[in-house]
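Here is the file data_23.tsv (TSV, C-alpha atoms).
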chain	number	residue	atom	x	y	z
A	100	MET	CA	14.16	-17.93	-16.53
A	101	THR	CA	16.91	-15.38	-16.00
A	102	ASP	CA	19.41	-15.59	-13.14
A	103	GLY	CA	17.73	-13.20	-10.73
A	104	ARG	CA	20.67	-13.18	-8.32
A	105	LYS	CA	22.60	-10.98	-10.74
A	106	GLY	CA	19.82	-8.48	-11.24
A	107	VAL	CA	18.07	-7.75	-14.50
A	108	VAL	CA	17.61	-4.66	-16.70
A	109	LYS	CA	14.96	-4.91	-19.44
A	110	PRO	CA	14.12	-2.17	-21.94
A	111	VAL	CA	10.34	-2.56	-22.23
A	112	GLU	CA	10.36	-2.09	-26.01
A	113	GLU	CA	12.14	-5.46	-26.24
A	114	LEU	CA	9.33	-7.30	-24.42
A	115	GLU	CA	6.30	-8.76	-26.18
A	116	LEU	CA	2.79	-7.49	-25.40
A	117	HIS	CA	-0.09	-9.99	-25.14
A	118	PRO	CA	-3.80	-9.23	-25.65
A	119	VAL	CA	-5.97	-9.19	-22.49
A	120	PRO	CA	-9.07	-11.26	-23.34
A	121	ALA	CA	-11.41	-9.45	-20.91
A	122	GLY	CA	-10.40	-6.02	-22.26
A	123	THR	CA	-10.85	-3.95	-25.44
A	124	ALA	CA	-7.71	-2.85	-27.32
A	125	THR	CA	-5.76	-3.81	-24.18
A	126	ARG	CA	-2.39	-5.55	-24.10
A	127	THR	CA	-0.07	-6.46	-21.23
A	128	GLN	CA	3.43	-7.70	-20.48
A	129	VAL	CA	5.24	-8.88	-17.35
A	130	LEU	CA	8.26	-6.63	-16.63
A	131	VAL	CA	9.53	-8.32	-13.47
A	132	GLY	CA	8.08	-11.50	-11.99
A	133	GLU	CA	8.59	-15.03	-10.78
A	134	GLY	CA	10.55	-15.82	-13.96
A	135	ASP	CA	13.22	-13.41	-12.73
A	136	GLY	CA	13.29	-15.00	-9.28
A	137	ALA	CA	11.17	-12.22	-7.76
A	138	PRO	CA	9.68	-13.85	-4.66
A	139	ASN	CA	6.79	-11.62	-3.65
A	140	PHE	CA	5.16	-9.54	-6.39
A	141	ALA	CA	5.12	-8.88	-10.14
A	142	MET	CA	5.36	-5.63	-12.10
A	143	ARG	CA	3.33	-5.61	-15.32
A	144	ARG	CA	2.68	-2.90	-17.92
A	145	PHE	CA	-0.69	-2.40	-19.64
A	146	VAL	CA	-1.13	-0.55	-22.93
A	147	MET	CA	-4.64	0.48	-24.02
A	148	GLY	CA	-5.37	1.87	-27.48
A	149	GLU	CA	-8.03	4.20	-28.90
A	150	GLY	CA	-11.48	3.20	-27.61
A	151	GLY	CA	-9.90	0.67	-25.29
A	152	GLY	CA	-10.48	-0.27	-21.68
A	153	MET	CA	-11.56	-2.93	-19.24
A	154	PRO	CA	-15.15	-3.51	-18.07
A	155	PHE	CA	-16.20	-3.18	-14.40
A	156	HIS	CA	-14.61	-6.15	-12.60
A	157	THR	CA	-13.01	-7.36	-9.41
A	158	ASN	CA	-9.69	-9.11	-8.81
A	159	ALA	CA	-8.78	-11.34	-5.88
A	160	VAL	CA	-5.58	-9.29	-5.41
A	161	GLU	CA	-4.77	-5.62	-4.88
A	162	HIS	CA	-3.28	-3.36	-7.58
A	163	GLU	CA	-0.62	-0.67	-7.09
A	164	GLN	CA	-0.46	1.29	-10.32
A	165	TYR	CA	1.40	4.19	-11.92
A	166	VAL	CA	0.23	5.97	-15.07
A	167	LEU	CA	3.00	6.41	-17.64
A	168	ARG	CA	1.19	7.98	-20.60
A	169	GLY	CA	-2.26	9.07	-21.77
A	170	ARG	CA	-5.51	9.62	-19.91
A	171	ALA	CA	-8.41	7.43	-18.81
A	172	ARG	CA	-11.62	7.49	-16.81
A	173	VAL	CA	-11.11	4.96	-14.02
A	174	ARG	CA	-14.04	3.89	-11.85
A	175	ILE	CA	-13.06	2.45	-8.46
A	176	GLY	CA	-16.05	1.36	-6.40
A	177	ASP	CA	-18.54	4.26	-6.59
A	178	GLN	CA	-16.02	6.91	-7.59
A	179	ILE	CA	-14.93	7.99	-11.06
A	180	HIS	CA	-11.42	9.43	-11.43
A	181	ASP	CA	-9.84	11.16	-14.41
A	182	VAL	CA	-6.29	9.81	-14.33
A	183	LYS	CA	-3.23	11.02	-16.25
A	184	ALA	CA	0.54	10.50	-16.49
A	185	ASP	CA	2.29	10.54	-13.09
A	186	ASP	CA	-0.80	9.59	-11.09
A	187	ALA	CA	-0.42	6.72	-8.61
A	188	VAL	CA	-3.50	4.52	-8.19
A	189	TYR	CA	-4.34	1.97	-5.48
A	190	ILE	CA	-7.17	-0.51	-5.99
A	191	PRO	CA	-7.78	-2.78	-2.96
A	192	ALA	CA	-8.38	-6.51	-3.50
A	193	GLY	CA	-12.04	-7.20	-4.26
A	194	THR	CA	-12.93	-3.57	-5.11
A	195	PRO	CA	-14.69	-3.33	-8.48
A	196	HIS	CA	-13.01	-1.10	-11.06
A	197	SER	CA	-13.06	-0.25	-14.78
A	198	TYR	CA	-10.97	1.68	-17.32
A	199	ASP	CA	-12.10	3.77	-20.31
A	200	VAL	CA	-9.41	5.36	-22.42
A	201	VAL	CA	-9.74	9.13	-22.95
A	202	GLU	CA	-6.34	9.77	-24.58
A	203	ALA	CA	-4.51	6.85	-26.22
A	204	PRO	CA	-2.20	5.19	-25.78
A	205	PHE	CA	-3.05	4.87	-22.09
A	206	GLU	CA	-0.14	3.09	-20.42
A	207	PHE	CA	0.25	2.12	-16.79
A	208	LEU	CA	2.23	-0.13	-14.51
A	209	CYS	CA	0.28	-2.55	-12.32
A	210	VAL	CA	2.00	-4.38	-9.44
A	211	VAL	CA	0.28	-7.45	-7.97
A	212	PRO	CA	1.27	-10.06	-5.38
A	213	ASN	CA	2.49	-13.42	-6.71
A	214	GLY	CA	0.01	-16.26	-6.73
A	215	PRO	CA	-3.38	-16.90	-8.25
A	216	ASP	CA	-5.73	-14.09	-9.22
A	217	ARG	CA	-9.35	-14.37	-10.24
A	218	ILE	CA	-11.14	-11.79	-12.39
A	219	GLU	CA	-14.93	-11.48	-12.12
A	220	LEU	CA	-17.06	-9.12	-14.16
A	221	VAL	CA	-19.47	-6.95	-12.16
A	222	GLU	CA	-22.71	-5.48	-13.45
A	223	GLN	CA	-22.47	-1.70	-13.66
A	224	ASP	CA	-25.21	0.29	-11.85
B	33	MET	CA	-4.49	7.18	6.73
B	34	THR	CA	-6.82	7.13	3.74
B	35	ASP	CA	-9.71	4.70	3.41
B	36	GLY	CA	-8.01	2.11	1.21
B	37	ARG	CA	-11.25	0.21	0.57
B	38	LYS	CA	-12.39	2.97	-1.76
B	39	GLY	CA	-9.21	3.13	-3.79
B	40	VAL	CA	-6.89	6.10	-4.03
B	41	VAL	CA	-5.64	8.29	-6.89
B	42	LYS	CA	-2.67	10.56	-6.09
B	43	PRO	CA	-1.03	12.98	-8.52
B	44	VAL	CA	2.65	12.66	-7.56
B	45	GLU	CA	3.29	16.40	-7.82
B	46	GLU	CA	1.03	16.81	-4.74
B	47	LEU	CA	3.21	14.52	-2.60
B	48	GLU	CA	6.19	15.73	-0.60
B	49	LEU	CA	9.70	14.44	-1.37
B	50	HIS	CA	12.08	13.63	1.50
B	51	PRO	CA	15.90	13.59	1.35
B	52	VAL	CA	17.55	10.15	1.47
B	53	PRO	CA	20.38	10.43	4.03
B	54	ALA	CA	22.56	7.69	2.44
B	55	GLY	CA	22.32	9.31	-1.02
B	56	THR	CA	23.57	12.44	-2.80
B	57	ALA	CA	20.97	14.82	-4.26
B	58	THR	CA	18.44	12.01	-3.77
B	59	ARG	CA	14.86	12.41	-2.57
B	60	THR	CA	12.02	9.92	-2.18
B	61	GLN	CA	8.30	9.68	-1.52
B	62	VAL	CA	5.87	6.85	-0.82
B	63	LEU	CA	3.18	6.69	-3.53
B	64	VAL	CA	1.19	3.71	-2.24
B	65	GLY	CA	1.88	1.92	1.03
B	66	GLU	CA	0.64	0.69	4.37
B	67	GLY	CA	-0.93	4.11	5.05
B	68	ASP	CA	-3.33	3.40	2.18
B	69	GLY	CA	-4.17	-0.05	3.54
B	70	ALA	CA	-1.88	-1.80	1.03
B	71	PRO	CA	-1.15	-5.15	2.72
B	72	ASN	CA	1.88	-6.51	0.88
B	73	PHE	CA	4.21	-4.01	-0.77
B	74	ALA	CA	4.90	-0.30	-1.19
B	75	MET	CA	5.49	1.78	-4.33
B	76	ARG	CA	7.95	4.62	-3.85
B	77	ARG	CA	9.41	7.19	-6.27
B	78	PHE	CA	13.04	8.36	-6.17
B	79	VAL	CA	14.26	11.60	-7.76
B	80	MET	CA	18.00	12.15	-8.19
B	81	GLY	CA	19.45	15.50	-9.26
B	82	GLU	CA	22.63	16.55	-11.08
B	83	GLY	CA	25.66	14.71	-9.64
B	84	GLY	CA	23.36	12.57	-7.50
B	85	GLY	CA	23.22	8.90	-6.71
B	86	MET	CA	23.50	6.23	-4.05
B	87	PRO	CA	26.74	4.50	-3.01
B	88	PHE	CA	27.24	0.73	-3.39
B	89	HIS	CA	24.97	-0.91	-0.79
B	90	THR	CA	22.74	-3.85	-0.02
B	91	ASN	CA	19.14	-3.97	1.18
B	92	ALA	CA	17.45	-6.78	3.08
B	93	VAL	CA	14.57	-6.68	0.56
B	94	GLU	CA	14.28	-6.94	-3.22
B	95	HIS	CA	13.59	-3.97	-5.53
B	96	GLU	CA	11.35	-3.96	-8.60
B	97	GLN	CA	11.99	-0.68	-10.39
B	98	TYR	CA	10.87	1.28	-13.44
B	99	VAL	CA	12.77	4.26	-14.84
B	100	LEU	CA	10.51	7.26	-15.53
B	101	ARG	CA	12.99	9.93	-16.67
B	102	GLY	CA	16.71	10.57	-17.17
B	103	ARG	CA	19.69	8.24	-17.31
B	104	ALA	CA	21.99	6.63	-14.77
B	105	ARG	CA	24.83	4.16	-14.45
B	106	VAL	CA	23.52	1.40	-12.20
B	107	ARG	CA	25.88	-1.22	-10.83
B	108	ILE	CA	24.20	-4.47	-9.74
B	109	GLY	CA	26.64	-7.02	-8.33
B	110	ASP	CA	29.53	-7.13	-10.82
B	111	GLN	CA	27.64	-5.65	-13.75
B	112	ILE	CA	27.28	-2.02	-14.78
B	113	HIS	CA	24.13	-1.06	-16.71
B	114	ASP	CA	23.31	2.19	-18.48
B	115	VAL	CA	19.62	2.64	-17.70
B	116	LYS	CA	17.12	5.05	-19.24
B	117	ALA	CA	13.40	5.85	-19.29
B	118	ASP	CA	11.19	2.79	-19.78
B	119	ASP	CA	13.74	0.28	-18.49
B	120	ALA	CA	12.56	-2.19	-15.85
B	121	VAL	CA	15.14	-3.17	-13.23
B	122	TYR	CA	15.15	-6.05	-10.75
B	123	ILE	CA	17.60	-6.07	-7.83
B	124	PRO	CA	17.38	-9.22	-5.68
B	125	ALA	CA	17.47	-8.93	-1.87
B	126	GLY	CA	21.05	-8.78	-0.61
B	127	THR	CA	22.60	-7.95	-4.01
B	128	PRO	CA	24.87	-4.89	-3.78
B	129	HIS	CA	23.97	-2.00	-6.09
B	130	SER	CA	24.71	1.68	-6.72
B	131	TYR	CA	23.37	4.58	-8.79
B	132	ASP	CA	25.24	7.41	-10.51
B	133	VAL	CA	23.17	9.98	-12.37
B	134	VAL	CA	24.17	10.57	-16.02
B	135	GLU	CA	21.21	12.73	-17.08
B	136	ALA	CA	19.22	14.54	-14.38
B	137	PRO	CA	16.62	14.42	-13.11
B	138	PHE	CA	16.84	10.64	-12.87
B	139	GLU	CA	13.48	9.41	-11.64
B	140	PHE	CA	12.39	5.85	-10.95
B	141	LEU	CA	9.77	3.84	-9.14
B	142	CYS	CA	10.97	1.28	-6.59
B	143	VAL	CA	8.57	-1.33	-5.21
B	144	VAL	CA	9.54	-3.16	-2.01
B	145	PRO	CA	7.76	-5.63	0.26
B	146	ASN	CA	6.25	-4.23	3.48
B	147	GLY	CA	8.23	-4.72	6.66
B	148	PRO	CA	11.67	-3.77	7.90
B	149	ASP	CA	14.56	-3.10	5.51
B	150	ARG	CA	18.21	-2.66	6.40
B	151	ILE	CA	20.66	-0.73	4.24
B	152	GLU	CA	24.37	-1.61	4.49
B	153	LEU	CA	27.13	0.16	2.60
B	154	VAL	CA	29.51	-2.13	0.69
B	155	GLU	CA	33.12	-1.34	-0.21
B	156	GLN	CA	33.51	-0.94	-3.95
B	157	ASP	CA	36.23	-3.11	-5.61
Would you mind writing the file out in structure tokens?
Amino acid sequence: MTDGRKGVVKPVEELELHPVPAGTATRTQVLVGEGDGAPNFAMRRFVMGEGGGMPFHTNAVEHEQYVLRGRARVRIGDQIHDVKADDAVYIPAGTPHSYDVVEAPFEFLCVVPNGPDRIELVEQD
Amino acid sequence: MTDGRKGVVKPVEELELHPVPAGTATRTQVLVGEGDGAPNFAMRRFVMGEGGGMPFHTNAVEHEQYVLRGRARVRIGDQIHDVKADDAVYIPAGTPHSYDVVEAPFEFLCVVPNGPDRIELVEQD
């Protein structure tokens, strides 16, 4: 736990990445969160490698995302989007979505509200 | 107002940038926010040009930030940080901070909770 009152600067290359069990070749790290004293939401980074992605699923919370590097096919509800660096993405709570890497590494930020989330896999039509 | 239930993908180069009156050579744009149906927080992007920055000030709300490009000297409270691309920055609500561009363009994301903010300039010691 850092002293959030002073502010924090973290070079992301110094932070550990952890595998995401529901994904393929997908790792994540918290950049700013409750451990820093952040009261409302957390900023995470996801890194997906060659052939990586996440299956069609829902979360209990919304996602505000920003693509840093690479390309992916992102399905949100019934729509498929080709996303690339410097695209902003909004996925409402409960809306099914998936990721398939087109150009690795595919890296994006994903901001979520604090509190419990629940991931549920959804059958793809 | 877009239909947030479907999700939204926005290439940032298609979004207009607006000058920030309190800053120098500083522009901003909302990437994801209440207009998209986002219930809790907003993701904005700031772009600062040569000689740009923001004077020492406080906000009523916290900032979770990610540096996309360039370099700046960022003062948070009593500490001065040299920040660069792929640094994450957390500035707690009410903590005074300033930006001075070192390498332009200096671009960063800044996520804030929805609701009113209040910016107050602070005398620099």
Q: Quick one: everything within 8 Å of Thr127 of chain A, counting only C-alpha atoms, minus sequence neighbours fewer than 6 positions away in the same chain. Send it as a list of chain:residue names.
A: A:Leu116, A:His117, A:Pro118, A:Val119, A:Arg143, A:Arg144, A:Phe145, A:Val146
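The list of residues with at least one atom within 12 Å of Thr194 of chain A, based on only C-alpha atoms and without residues fewer than 3 positions apart in the same chain, reads A:Phe155, A:His156, A:Thr157, A:Asn158, A:Ala159, A:Val160, A:Glu161, A:His162, A:Arg174, A:Ile175, A:Gly176, A:Asp177, A:Gln178, A:Tyr189, A:Ile190, A:Pro191, A:Ser197, A:Ile218, A:Glu219, A:Leu220, A:Val221, B:Gly36, B:Arg37, B:Lys38, B:Gly39, B:Val40.
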What are the centre and the three edge lengths of an axis-aligned box that wraps all atoms of segment 147-162 of chain A in the file, given that 3 Å is added to every side, written as lines of an AutoDock Vina configuration file and rounded to one decimal in Å?
center_x = -9.7
center_y = -3.6
center_z = -16.9
size_x = 18.9
size_y = 21.5
size_z = 30.0
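Residues in contact with Glu163 of chain A at 7 Å, where only C-alpha atoms are counted and same-chain residues fewer than 6 positions away are skipped, are listed as Val188, Tyr189, Ile190, Cys209, Val210 and Val211 of chain A; Val64 of chain B.
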Q. If you measure from atom CA of Asn146 of chain B to atom CA of Asp119 of chain B, what distance in Å do you get, rounded to one decimal?
A. 23.6 Å
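Atom CA of His129 of chain B lies 15.4 Å from atom CA of Tyr98 of chain B.
In this structure, atom CA of Val173 of chain A sits 20.1 Å away from atom CA of Gly65 of chain B.
Using all atoms listed in the file, the nearest neighbour of chain A within the list B:Ala104, B:Leu141, B:Met80, B:Ala57 is B:Leu141.
The shortest atom-to-atom distance to chain A, with only C-alpha atoms taken into account, belongs to B:Gly126 out of B:Gly85, B:Gly126, B:Arg103, B:Asp157.
Distances here use all atoms listed in the file; by that measure, the residue among B:Val62, B:Arg101, B:Met75, B:Pro53 closest to Pro137 of chain B is B:Arg101.
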(Q) Counting only C-alpha atoms, I want the residues whose atoms come within 9 Å of (-3.7, 9.1, -22.5) in the file frame, returned as a ChimeraX atom specification. (A) /A:147-148,166-171,182-184,200-206
Q) Using all atoms listed in the file, which of B:Ala125, B:Ala120, B:Met86, B:Val41 sits nearest Ala137 of chain A? A) B:Ala125
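Of the listed residues B:Arg150, B:Arg105, B:Lys42, B:Arg59, the one whose atoms come nearest to chain A is B:Lys42, with distances taken using all atoms listed in the file.
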Since fewer atoms than expected are present, regenerate N, CA and C atoms for segment 184-202 of chain A and write them as a PDB file, in the coordinates of the input.
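Once everything was written out, this is part.pdb:
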ATOM      1  N   ALA A 184      -0.865  10.859 -16.747  1.00  0.00           N
ATOM      2  CA  ALA A 184       0.540  10.500 -16.490  1.00  0.00           C
ATOM      3  C   ALA A 184       0.986  11.039 -15.125  1.00  0.00           C
ATOM      4  N   ASP A 185       1.752  10.209 -14.411  1.00  0.00           N
ATOM      5  CA  ASP A 185       2.290  10.540 -13.090  1.00  0.00           C
ATOM      6  C   ASP A 185       1.238  10.585 -11.996  1.00  0.00           C
ATOM      7  N   ASP A 186       0.135   9.868 -12.192  1.00  0.00           N
ATOM      8  CA  ASP A 186      -0.800   9.590 -11.090  1.00  0.00           C
ATOM      9  C   ASP A 186      -0.511   8.185 -10.568  1.00  0.00           C
ATOM     10  N   ALA A 187      -0.497   8.046  -9.255  1.00  0.00           N
ATOM     11  CA  ALA A 187      -0.420   6.720  -8.610  1.00  0.00           C
ATOM     12  C   ALA A 187      -1.841   6.307  -8.250  1.00  0.00           C
ATOM     13  N   VAL A 188      -2.145   5.029  -8.418  1.00  0.00           N
ATOM     14  CA  VAL A 188      -3.500   4.520  -8.190  1.00  0.00           C
ATOM     15  C   VAL A 188      -3.414   3.270  -7.325  1.00  0.00           C
ATOM     16  N   TYR A 189      -4.260   3.190  -6.296  1.00  0.00           N
ATOM     17  CA  TYR A 189      -4.340   1.970  -5.480  1.00  0.00           C
ATOM     18  C   TYR A 189      -5.758   1.423  -5.546  1.00  0.00           C
ATOM     19  N   ILE A 190      -5.868   0.162  -5.927  1.00  0.00           N
ATOM     20  CA  ILE A 190      -7.170  -0.510  -5.990  1.00  0.00           C
ATOM     21  C   ILE A 190      -7.101  -1.721  -5.053  1.00  0.00           C
ATOM     22  N   PRO A 191      -7.837  -1.665  -3.925  1.00  0.00           N
ATOM     23  CA  PRO A 191      -7.780  -2.780  -2.960  1.00  0.00           C
ATOM     24  C   PRO A 191      -8.329  -4.072  -3.574  1.00  0.00           C
ATOM     25  N   ALA A 192      -7.869  -5.210  -3.069  1.00  0.00           N
ATOM     26  CA  ALA A 192      -8.380  -6.510  -3.500  1.00  0.00           C
ATOM     27  C   ALA A 192      -9.904  -6.528  -3.343  1.00  0.00           C
ATOM     28  N   GLY A 193     -10.595  -7.038  -4.357  1.00  0.00           N
ATOM     29  CA  GLY A 193     -12.040  -7.200  -4.260  1.00  0.00           C
ATOM     30  C   GLY A 193     -12.843  -5.955  -4.584  1.00  0.00           C
ATOM     31  N   THR A 194     -12.198  -4.813  -4.802  1.00  0.00           N
ATOM     32  CA  THR A 194     -12.930  -3.570  -5.110  1.00  0.00           C
ATOM     33  C   THR A 194     -13.169  -3.487  -6.620  1.00  0.00           C
ATOM     34  N   PRO A 195     -14.431  -3.363  -7.041  1.00  0.00           N
ATOM     35  CA  PRO A 195     -14.690  -3.330  -8.480  1.00  0.00           C
ATOM     36  C   PRO A 195     -14.123  -2.071  -9.131  1.00  0.00           C
ATOM     37  N   HIS A 196     -13.626  -2.229 -10.362  1.00  0.00           N
ATOM     38  CA  HIS A 196     -13.010  -1.100 -11.060  1.00  0.00           C
ATOM     39  C   HIS A 196     -13.101  -1.314 -12.567  1.00  0.00           C
ATOM     40  N   SER A 197     -13.020  -0.199 -13.306  1.00  0.00           N
ATOM     41  CA  SER A 197     -13.060  -0.250 -14.780  1.00  0.00           C
ATOM     42  C   SER A 197     -12.162   0.840 -15.338  1.00  0.00           C
ATOM     43  N   TYR A 198     -11.817   0.701 -16.615  1.00  0.00           N
ATOM     44  CA  TYR A 198     -10.970   1.680 -17.320  1.00  0.00           C
ATOM     45  C   TYR A 198     -11.633   2.028 -18.647  1.00  0.00           C
ATOM     46  N   ASP A 199     -11.680   3.314 -18.980  1.00  0.00           N
ATOM     47  CA  ASP A 199     -12.100   3.770 -20.310  1.00  0.00           C
ATOM     48  C   ASP A 199     -11.091   4.787 -20.796  1.00  0.00           C
ATOM     49  N   VAL A 200     -10.466   4.486 -21.905  1.00  0.00           N
ATOM     50  CA  VAL A 200      -9.410   5.360 -22.420  1.00  0.00           C
ATOM     51  C   VAL A 200      -9.989   6.686 -22.898  1.00  0.00           C
ATOM     52  N   VAL A 201      -9.365   7.783 -22.495  1.00  0.00           N
ATOM     53  CA  VAL A 201      -9.740   9.130 -22.950  1.00  0.00           C
ATOM     54  C   VAL A 201      -8.698   9.624 -23.956  1.00  0.00           C
ATOM     55  N   GLU A 202      -7.422   9.362 -23.673  1.00  0.00           N
ATOM     56  CA  GLU A 202      -6.340   9.770 -24.580  1.00  0.00           C
ATOM     57  C   GLU A 202      -5.392   8.580 -24.736  1.00  0.00           C
TER      58      GLU A 202
END
